[in-house]
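Please read the structure below before turning to the comments.
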Amino acid sequence: MSFKEFLKELNGNRVEGELVKTIFYSLITSFLFLGILYYFKFKYIENFIPKYGIYLFFSALSYALIIPTIRQVRAYKEMACMSGMMVGMTSGMVAGFLPGFYIASTNGMFIGGFFGAFVGIILGIYNGKCCGIMGVMEGIVAGFMGGLMGAMTAFMLLNDNLKIATILVFLISAIILISLNYMIYNEMKENKRQLNEDHFFTMVITLILTALTTYIIVFGPRSALFQ
Amino acid sequence: MEENITIKKNDMWKYLFLTVIIVAIVGLFIFVNAGEGINNPITGEVVNTGDIEAQKITLGMKNYNYYPNTITVKSGQPVELTLDESVRGCLRGFTIKDLGVSKYSKTPEDSIDFTPTEKGTFAFSCSMGMGYGTIIVE
């Protein structure tokens with residue numbers, strides 16, 4: 001059973017053996033960043049945690065699950081077209097949907113939709129380029145769609161259990177991303193790793209994504225409904 | 001930045017354990033301090049003048065929903081409902097499906113007029129179903 005092999009590899013010497021560590025480093029980076037900001041600035045903002053806490057928390061968790069996929073794809077560098085397209089599409093869609101969802105919950109449909117699409121397209125292209133132009137195209141299309149869809153879903157749920165939906169959306173996305181890690185392992189298990197790297201890249205990209213998301217959620221423009 | 005990394009056996013469990021602990025601590029902090037958030041049930045005073053000619057009601061907007069979101073009117077008496085300037089976006093499209101009321105109120109002066117003839121409790125909402133409330137016809 002290759003899923004059992006995959007679980008075994010999570011503790012092995014391949015790149016899959018670094019996925020949990022990557023999640024850990026990403027979470028440490030974003031929680032430290034948010035913790036420092038909270039201590040010096042955010043705790044003075046009225047109702048900060050009830051208004052933004054859950055969305056910032058799940059943003060950090062989401063990025064911590066998206067970034068291991070980037071590490072895994074970077075390690076193999078090149079993939080077959082079909083696998084690469086799936087990687088581009090799934091990464092773009094989830095990386096667009098989740099930020100779009102969180103930001104639309106606090107700032108509105110416009111800023112949520114387009115920020116989600118921006119993140120989704122960038123990460124979709126970055127991951128999809130492992131198989132060339134087809135993966136890149138998949139990344140662009142899925143990132144664009146995911147961003148707008150995530151924002152729209154959150155906006156439509158404003159008066160209907162939005163916080164519970166946030167948890168469910170995150171859990172479903174987590175399952176999708178773990179399945180993607182498994183798919184990449186399954187497709188590439190016969191191939192050699194092309195890149196060994198430390199966790200500097202993980203921490204930098206986490207910091208950029210968390211900083212952008214935090215800035216927009218707390219200080220960014222809001223649609224009329226949120227003013 | 002590139003270097004050879006050797007993962008020791010059982011490293012994963014250590015990192016998984018630490019990750020779960022960190023998420024649990026931060027998550028607990030967030031949920032304990034989260035309060036009731038934006039999904040509170042909203043109740044407010046009914047703005048009903050009891051006017052013989054028309055029952056005048058003005059709805060505002062609070063926490064992305066109509067305020068008040070429970071209103072009481074008398075059966076057989078015309079209702080003149082207006083949405084004040086705080087009501088924005090799709091909430092300006094007002095519908096009471098069971099009473100056949102549906103109108104987009106462009107301005108606070110643009111009233112939604114109807115006469116409820118049936119007694120009971122009915123749901124009202126915006127045109128997209130995002131803002132909602134209850135109208136009680138006595």
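By convention here, the chains of the structure tokens are called A, B, ... in the order presented, each chain's residues are numbered starting at 1, and ligands are numbered starting at 1 in the order presented.
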
Mind checking which residues fall within 9 Å of range 121-138 of chain B, counting only C-alpha atoms, ignoring those fewer than 6 positions away in the same chain, and posting them as number ranges by chain? A: 155-160; B: 42, 64-75, 90-99, 102-104

Show me, as a ChimeraX atom specification, the residues that have an atom within 8 Å of Gln77 in chain B when counting only C-alpha atoms, minus same-chain residues fewer than 4 positions from it. /B:52-55,115-117

Would you list the contacts of range 123-135 of chain A as a ChimeraX atom specification, taking every protein, DNA or RNA residue within 8 Å and counting only C-alpha atoms, but skipping same-chain residues closer than 5 positions in sequence? /A:70,73-74,77-81,83-93,95,140,142-143

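CA of Ile208 in chain A is found 19.6 Å from CA of Leu19 in chain A.
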
Tell me which protein, DNA and RNA residues are within 12 Å of Gln72 in chain A, counting only C-alpha atoms, leaving out same-chain ones fewer than 6 positions away, and put them as a VMD selection string. chain A and resid 10 14 to 20 22 65 to 66 78 to 79 87 91 127 130 177 to 178 180 to 185 187 to 189 193 to 197 202

Those same residues, written as a short mmCIF file (atom, residue, chain, number, x, y, z; two decimals), in the first residue's frame with C-alpha atoms?
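As a result, out_2.cif now contains:
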data_model
loop_
_atom_site.label_atom_id
_atom_site.label_comp_id
_atom_site.auth_asym_id
_atom_site.auth_seq_id
_atom_site.Cartn_x
_atom_site.Cartn_y
_atom_site.Cartn_z
CA LEU A 10 7.02 11.22 6.61
CA ARG A 14 13.32 11.91 1.41
CA VAL A 15 11.74 15.38 1.12
CA GLU A 16 8.51 13.90 2.53
CA GLY A 17 10.40 13.42 5.77
CA GLU A 18 10.70 17.21 6.02
CA LEU A 19 7.03 18.05 5.51
CA VAL A 20 6.05 18.01 9.19
CA THR A 22 8.21 22.55 7.38
CA LEU A 65 -0.09 23.54 5.06
CA ILE A 66 0.42 25.17 1.65
CA GLU A 78 10.43 18.64 -12.77
CA MET A 79 7.35 16.50 -13.12
CA VAL A 87 -0.07 20.30 -8.70
CA SER A 91 -2.02 24.63 -5.22
CA ASN A 127 4.17 25.25 -8.26
CA CYS A 130 7.40 22.15 -12.57
CA LEU A 177 -3.30 19.46 0.55
CA ILE A 178 -2.22 16.29 2.36
CA LEU A 180 -1.60 16.44 -2.90
CA ASN A 181 1.54 15.67 -0.89
CA TYR A 182 0.69 12.00 -1.18
CA MET A 183 0.05 12.31 -4.92
CA ILE A 184 3.41 14.01 -5.49
CA TYR A 185 5.14 11.28 -3.47
CA GLU A 187 4.27 10.09 -8.76
CA MET A 188 7.85 10.88 -7.86
CA LYS A 189 8.88 8.08 -5.53
CA ARG A 193 15.53 14.56 -5.18
CA GLN A 194 17.04 17.51 -7.08
CA LEU A 195 17.30 20.14 -4.36
CA ASN A 196 18.30 19.99 -0.74
CA GLU A 197 17.59 23.14 1.24
CA THR A 202 9.90 28.36 4.30
#

Interatomic distance between CA of Gly150 in chain A and CA of His199 in chain A?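 Here the two named atoms are 29.1 Å from each other.
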
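Of note, CA of Ile30 in chain B and CA of Tyr52 in chain A are spaced 9.5 Å apart.
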
Name the residues in contact with Tyr15 in chain B at a cut-off of 9 Å, using only C-alpha atoms, excluding same-chain residues fewer than 6 positions from it; report them as a PyMOL selection string. chain A and resi 20-21+23-24

Go through A:Lys163, A:Lys43, A:Lys192, A:Arg222 and flag the residue nearest Phe57 in chain A, using only C-alpha atoms for the distances. A:Lys163

Distance criterion (only C-alpha atoms): nearest to chain B out of A:Phe201, A:Tyr76, A:Phe170, A:Phe101: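 Of all the options, A:Phe201 lies closest to chain B.
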
Close residues, Thr58 in chain B itself excluded, 6 Å, only C-alpha atoms, min 4 positions apart in chain, as a list in words: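 So, after excluding close chain neighbours, the residues are Leu81, Thr82 and Leu83 of chain B.
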
Please determine, counting only C-alpha atoms, which residue among A:Tyr215, A:Phe115, A:Phe42, A:Phe226 has the shortest atom-to-atom distance to chain B. A:Phe226

Give me every alpha helix (DSSP H) residue in range 22-159 of chain A, going by DSSP on the backbone, as a short mmCIF file (atom, residue, chain, number, x, y, z; two decimals) with N, CA and C atoms, in the first residue's frame.
data_model
loop_
_atom_site.label_atom_id
_atom_site.label_comp_id
_atom_site.auth_asym_id
_atom_site.auth_seq_id
_atom_site.Cartn_x
_atom_site.Cartn_y
_atom_site.Cartn_z
N THR A 22 8.54 21.31 8.09
CA THR A 22 8.21 22.55 7.38
C THR A 22 6.97 23.21 7.98
N ILE A 23 5.96 22.39 8.27
CA ILE A 23 4.74 22.92 8.91
C ILE A 23 5.13 23.58 10.24
N PHE A 24 5.96 22.91 10.99
CA PHE A 24 6.40 23.42 12.29
C PHE A 24 7.11 24.77 12.15
N TYR A 25 8.06 24.84 11.22
CA TYR A 25 8.81 26.09 11.04
C TYR A 25 7.90 27.22 10.55
N SER A 26 6.98 26.88 9.68
CA SER A 26 6.06 27.89 9.17
C SER A 26 5.17 28.43 10.30
N LEU A 27 4.67 27.51 11.12
CA LEU A 27 3.80 27.94 12.23
C LEU A 27 4.57 28.78 13.25
N ILE A 28 5.76 28.35 13.55
CA ILE A 28 6.58 29.12 14.51
C ILE A 28 6.79 30.54 13.98
N THR A 29 7.13 30.64 12.68
CA THR A 29 7.38 31.96 12.09
C THR A 29 6.14 32.84 12.18
N SER A 30 5.00 32.31 11.73
CA SER A 30 3.82 33.18 11.70
C SER A 30 3.29 33.48 13.10
N PHE A 31 3.33 32.50 14.00
CA PHE A 31 2.82 32.76 15.36
C PHE A 31 3.73 33.74 16.11
N LEU A 32 5.04 33.64 15.88
CA LEU A 32 5.95 34.60 16.51
C LEU A 32 5.68 36.01 15.99
N PHE A 33 5.54 36.09 14.66
CA PHE A 33 5.27 37.38 14.03
C PHE A 33 3.96 37.98 14.56
N LEU A 34 2.92 37.16 14.58
CA LEU A 34 1.63 37.65 15.05
C LEU A 34 1.66 37.96 16.55
N GLY A 35 2.39 37.13 17.30
CA GLY A 35 2.50 37.34 18.74
C GLY A 35 3.17 38.67 19.06
N ILE A 36 4.25 38.97 18.35
CA ILE A 36 4.97 40.23 18.58
C ILE A 36 4.07 41.42 18.22
N LEU A 37 3.41 41.30 17.07
CA LEU A 37 2.51 42.39 16.66
C LEU A 37 1.36 42.57 17.65
N TYR A 38 0.86 41.45 18.15
CA TYR A 38 -0.26 41.52 19.10
C TYR A 38 0.19 42.22 20.38
N TYR A 39 1.37 41.84 20.86
CA TYR A 39 1.87 42.39 22.12
C TYR A 39 2.11 43.90 22.01
N PHE A 40 2.66 44.34 20.89
CA PHE A 40 3.02 45.76 20.77
C PHE A 40 1.94 46.64 20.16
N PHE A 48 -10.09 43.18 19.02
CA PHE A 48 -9.21 42.65 17.98
C PHE A 48 -9.40 41.15 17.78
N ILE A 54 -9.71 34.69 14.75
CA ILE A 54 -9.92 33.38 14.13
C ILE A 54 -9.40 33.35 12.68
N TYR A 55 -9.55 34.47 11.97
CA TYR A 55 -9.12 34.50 10.56
C TYR A 55 -7.59 34.54 10.45
N LEU A 56 -6.95 35.26 11.37
CA LEU A 56 -5.48 35.29 11.37
C LEU A 56 -4.92 33.93 11.77
N PHE A 57 -5.57 33.32 12.76
CA PHE A 57 -5.14 32.00 13.22
C PHE A 57 -5.22 30.98 12.08
N PHE A 58 -6.36 30.96 11.40
CA PHE A 58 -6.51 29.99 10.31
C PHE A 58 -5.67 30.35 9.08
N SER A 59 -5.37 31.65 8.89
CA SER A 59 -4.45 32.02 7.80
C SER A 59 -3.09 31.40 8.06
N ALA A 60 -2.62 31.53 9.31
CA ALA A 60 -1.31 30.96 9.66
C ALA A 60 -1.31 29.45 9.46
N LEU A 61 -2.38 28.79 9.91
CA LEU A 61 -2.47 27.34 9.73
C LEU A 61 -2.50 26.96 8.25
N SER A 62 -3.25 27.74 7.47
CA SER A 62 -3.38 27.43 6.04
C SER A 62 -2.04 27.57 5.33
N TYR A 63 -1.32 28.66 5.59
CA TYR A 63 -0.02 28.83 4.94
C TYR A 63 0.94 27.72 5.37
N ALA A 64 0.79 27.29 6.63
CA ALA A 64 1.67 26.22 7.12
C ALA A 64 1.39 24.91 6.39
N LEU A 65 0.21 24.76 5.82
CA LEU A 65 -0.09 23.54 5.06
C LEU A 65 0.20 23.69 3.57
N ILE A 66 0.16 24.94 3.08
CA ILE A 66 0.42 25.17 1.65
C ILE A 66 1.93 25.10 1.38
N ILE A 67 2.72 25.64 2.29
CA ILE A 67 4.17 25.77 2.05
C ILE A 67 4.91 24.41 1.93
N PRO A 68 4.53 23.37 2.70
CA PRO A 68 5.20 22.08 2.48
C PRO A 68 5.06 21.56 1.05
N THR A 69 3.95 21.86 0.40
CA THR A 69 3.78 21.44 -0.99
C THR A 69 4.80 22.15 -1.88
N ILE A 70 5.03 23.43 -1.61
CA ILE A 70 6.02 24.18 -2.39
C ILE A 70 7.40 23.54 -2.19
N ARG A 71 7.70 23.18 -0.95
CA ARG A 71 8.99 22.56 -0.66
C ARG A 71 9.13 21.24 -1.41
N GLN A 72 8.05 20.47 -1.40
CA GLN A 72 8.08 19.15 -2.05
C GLN A 72 8.30 19.29 -3.57
N VAL A 73 7.58 20.26 -4.17
CA VAL A 73 7.71 20.47 -5.62
C VAL A 73 9.12 21.00 -5.95
N ARG A 74 9.61 21.93 -5.12
CA ARG A 74 10.97 22.46 -5.34
C ARG A 74 12.02 21.35 -5.28
N ALA A 75 11.79 20.39 -4.39
CA ALA A 75 12.78 19.32 -4.23
C ALA A 75 12.88 18.45 -5.48
N TYR A 76 11.74 18.24 -6.18
CA TYR A 76 11.78 17.38 -7.37
C TYR A 76 12.01 18.17 -8.66
N CYS A 81 3.70 16.05 -17.19
CA CYS A 81 2.67 17.06 -17.43
C CYS A 81 1.41 16.86 -16.58
N MET A 82 0.91 15.62 -16.57
CA MET A 82 -0.34 15.38 -15.85
C MET A 82 -0.21 15.68 -14.36
N SER A 83 0.89 15.24 -13.79
CA SER A 83 1.11 15.49 -12.35
C SER A 83 1.29 16.98 -12.10
N GLY A 84 2.08 17.62 -12.95
CA GLY A 84 2.36 19.04 -12.79
C GLY A 84 1.10 19.88 -12.90
N MET A 85 0.23 19.49 -13.82
CA MET A 85 -1.03 20.24 -13.97
C MET A 85 -1.89 20.11 -12.71
N MET A 86 -1.91 18.92 -12.16
CA MET A 86 -2.68 18.69 -10.92
C MET A 86 -2.09 19.50 -9.77
N VAL A 87 -0.75 19.53 -9.75
CA VAL A 87 -0.07 20.30 -8.70
C VAL A 87 -0.41 21.79 -8.84
N GLY A 88 -0.29 22.31 -10.07
CA GLY A 88 -0.59 23.73 -10.32
C GLY A 88 -2.02 24.06 -9.96
N MET A 89 -2.92 23.19 -10.39
CA MET A 89 -4.35 23.46 -10.16
C MET A 89 -4.69 23.42 -8.67
N THR A 90 -4.26 22.35 -7.99
CA THR A 90 -4.62 22.22 -6.57
C THR A 90 -3.97 23.32 -5.74
N SER A 91 -2.70 23.58 -6.00
CA SER A 91 -2.02 24.63 -5.22
C SER A 91 -2.68 25.98 -5.47
N GLY A 92 -2.92 26.29 -6.74
CA GLY A 92 -3.53 27.57 -7.08
C GLY A 92 -4.90 27.72 -6.46
N MET A 93 -5.70 26.68 -6.58
CA MET A 93 -7.08 26.74 -6.07
C MET A 93 -7.11 26.92 -4.56
N VAL A 94 -6.40 26.09 -3.84
CA VAL A 94 -6.44 26.16 -2.37
C VAL A 94 -5.75 27.44 -1.87
N ALA A 95 -4.62 27.78 -2.52
CA ALA A 95 -3.90 29.00 -2.09
C ALA A 95 -4.69 30.25 -2.44
N GLY A 96 -5.61 30.17 -3.36
CA GLY A 96 -6.48 31.31 -3.67
C GLY A 96 -7.71 31.32 -2.78
N PHE A 97 -8.30 30.14 -2.62
CA PHE A 97 -9.57 30.03 -1.89
C PHE A 97 -9.43 30.47 -0.43
N LEU A 98 -8.39 29.96 0.24
CA LEU A 98 -8.30 30.20 1.69
C LEU A 98 -8.05 31.68 2.04
N PRO A 99 -7.03 32.34 1.47
CA PRO A 99 -6.88 33.77 1.78
C PRO A 99 -8.10 34.58 1.34
N GLY A 100 -8.67 34.22 0.20
CA GLY A 100 -9.87 34.91 -0.27
C GLY A 100 -10.98 34.80 0.75
N PHE A 101 -11.16 33.62 1.29
CA PHE A 101 -12.21 33.35 2.28
C PHE A 101 -11.98 34.18 3.55
N TYR A 102 -10.75 34.14 4.06
CA TYR A 102 -10.47 34.84 5.33
C TYR A 102 -10.59 36.36 5.17
N ILE A 103 -10.08 36.87 4.08
CA ILE A 103 -10.09 38.34 3.93
C ILE A 103 -11.48 38.85 3.59
N ALA A 104 -12.24 38.08 2.83
CA ALA A 104 -13.62 38.51 2.55
C ALA A 104 -14.45 38.51 3.83
N SER A 105 -14.08 37.69 4.81
CA SER A 105 -14.82 37.66 6.08
C SER A 105 -14.62 38.93 6.89
N THR A 106 -13.52 39.63 6.65
CA THR A 106 -13.26 40.83 7.45
C THR A 106 -13.26 42.11 6.62
N ASN A 107 -13.00 41.99 5.32
CA ASN A 107 -12.84 43.20 4.50
C ASN A 107 -13.83 43.33 3.35
N MET A 109 -15.95 41.47 -0.24
CA MET A 109 -15.79 40.61 -1.42
C MET A 109 -14.67 41.07 -2.37
N PHE A 110 -14.58 42.38 -2.57
CA PHE A 110 -13.64 42.88 -3.57
C PHE A 110 -12.19 42.59 -3.16
N ILE A 111 -11.84 43.08 -1.98
CA ILE A 111 -10.44 42.93 -1.55
C ILE A 111 -10.12 41.45 -1.29
N GLY A 112 -11.08 40.72 -0.71
CA GLY A 112 -10.87 39.29 -0.46
C GLY A 112 -10.68 38.53 -1.75
N GLY A 113 -11.57 38.79 -2.71
CA GLY A 113 -11.53 38.07 -3.98
C GLY A 113 -10.23 38.31 -4.73
N PHE A 114 -9.81 39.56 -4.79
CA PHE A 114 -8.63 39.85 -5.60
C PHE A 114 -7.32 39.55 -4.87
N PHE A 115 -7.32 39.68 -3.55
CA PHE A 115 -6.11 39.25 -2.83
C PHE A 115 -5.96 37.74 -2.93
N GLY A 116 -7.08 37.01 -2.75
CA GLY A 116 -7.06 35.55 -2.88
C GLY A 116 -6.58 35.14 -4.26
N ALA A 117 -7.11 35.81 -5.28
CA ALA A 117 -6.71 35.48 -6.66
C ALA A 117 -5.22 35.76 -6.86
N PHE A 118 -4.75 36.86 -6.28
CA PHE A 118 -3.32 37.22 -6.41
C PHE A 118 -2.43 36.13 -5.80
N VAL A 119 -2.73 35.74 -4.56
CA VAL A 119 -1.93 34.70 -3.90
C VAL A 119 -2.05 33.37 -4.65
N GLY A 120 -3.28 33.03 -5.04
CA GLY A 120 -3.53 31.77 -5.75
C GLY A 120 -2.78 31.71 -7.07
N ILE A 121 -2.82 32.80 -7.82
CA ILE A 121 -2.14 32.81 -9.13
C ILE A 121 -0.62 32.70 -8.94
N ILE A 122 -0.08 33.49 -8.00
CA ILE A 122 1.38 33.47 -7.79
C ILE A 122 1.84 32.06 -7.38
N LEU A 123 1.16 31.48 -6.37
CA LEU A 123 1.60 30.16 -5.91
C LEU A 123 1.25 29.07 -6.93
N GLY A 124 0.15 29.27 -7.66
CA GLY A 124 -0.22 28.32 -8.71
C GLY A 124 0.83 28.29 -9.81
N ILE A 125 1.30 29.46 -10.21
CA ILE A 125 2.35 29.54 -11.25
C ILE A 125 3.64 28.91 -10.71
N TYR A 126 3.98 29.30 -9.49
CA TYR A 126 5.25 28.84 -8.91
C TYR A 126 5.31 27.32 -8.83
N ASN A 127 4.19 26.72 -8.37
CA ASN A 127 4.17 25.25 -8.26
C ASN A 127 3.93 24.58 -9.61
N GLY A 128 3.11 25.23 -10.43
CA GLY A 128 2.75 24.60 -11.72
C GLY A 128 3.89 24.58 -12.73
N ILE A 133 4.46 25.08 -19.32
CA ILE A 133 3.38 26.05 -19.55
C ILE A 133 2.00 25.53 -19.15
N MET A 134 1.77 24.22 -19.30
CA MET A 134 0.44 23.71 -18.95
C MET A 134 0.18 23.83 -17.45
N GLY A 135 1.18 23.53 -16.65
CA GLY A 135 1.04 23.68 -15.20
C GLY A 135 0.88 25.14 -14.80
N VAL A 136 1.61 26.01 -15.50
CA VAL A 136 1.51 27.44 -15.23
C VAL A 136 0.09 27.93 -15.54
N MET A 137 -0.44 27.51 -16.69
CA MET A 137 -1.80 27.90 -17.07
C MET A 137 -2.82 27.41 -16.04
N GLU A 138 -2.65 26.17 -15.62
CA GLU A 138 -3.56 25.61 -14.60
C GLU A 138 -3.49 26.45 -13.32
N GLY A 139 -2.27 26.82 -12.95
CA GLY A 139 -2.08 27.62 -11.74
C GLY A 139 -2.78 28.97 -11.83
N ILE A 140 -2.66 29.60 -13.00
CA ILE A 140 -3.29 30.92 -13.17
C ILE A 140 -4.81 30.80 -13.10
N VAL A 141 -5.34 29.87 -13.86
CA VAL A 141 -6.81 29.72 -13.93
C VAL A 141 -7.37 29.33 -12.56
N ALA A 142 -6.73 28.34 -11.93
CA ALA A 142 -7.26 27.86 -10.64
C ALA A 142 -7.08 28.92 -9.55
N GLY A 143 -5.96 29.64 -9.57
CA GLY A 143 -5.75 30.68 -8.57
C GLY A 143 -6.78 31.79 -8.68
N PHE A 144 -7.05 32.18 -9.89
CA PHE A 144 -8.06 33.22 -10.15
C PHE A 144 -9.44 32.77 -9.66
N MET A 145 -9.80 31.55 -10.06
CA MET A 145 -11.12 31.02 -9.65
C MET A 145 -11.20 30.83 -8.15
N GLY A 146 -10.16 30.26 -7.57
CA GLY A 146 -10.16 29.98 -6.14
C GLY A 146 -10.31 31.25 -5.32
N GLY A 147 -9.58 32.29 -5.68
CA GLY A 147 -9.65 33.55 -4.94
C GLY A 147 -11.05 34.11 -4.92
N LEU A 148 -11.66 34.17 -6.08
CA LEU A 148 -13.01 34.75 -6.16
C LEU A 148 -14.03 33.85 -5.47
N MET A 149 -13.86 32.54 -5.64
CA MET A 149 -14.83 31.62 -5.03
C MET A 149 -14.74 31.64 -3.51
N GLY A 150 -13.52 31.69 -2.98
CA GLY A 150 -13.36 31.73 -1.53
C GLY A 150 -14.01 32.97 -0.95
N ALA A 151 -13.75 34.11 -1.59
CA ALA A 151 -14.31 35.37 -1.11
C ALA A 151 -15.84 35.34 -1.18
N MET A 152 -16.35 34.84 -2.28
CA MET A 152 -17.81 34.80 -2.47
C MET A 152 -18.46 33.90 -1.41
N THR A 153 -17.83 32.77 -1.14
CA THR A 153 -18.39 31.84 -0.15
C THR A 153 -18.46 32.52 1.22
N ALA A 154 -17.36 33.17 1.62
CA ALA A 154 -17.34 33.83 2.92
C ALA A 154 -18.39 34.94 2.98
N PHE A 155 -18.47 35.70 1.92
CA PHE A 155 -19.39 36.85 1.89
C PHE A 155 -20.85 36.39 2.01
N MET A 156 -21.15 35.28 1.35
CA MET A 156 -22.52 34.75 1.40
C MET A 156 -22.85 34.15 2.76
#

Identify which of the residues A:Ala211, A:Lys41, A:Phe6, A:Asn11 lies closest to chain B, counting only C-alpha atoms when measuring atom-to-atom distances.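 Nearest to chain B: A:Asn11.
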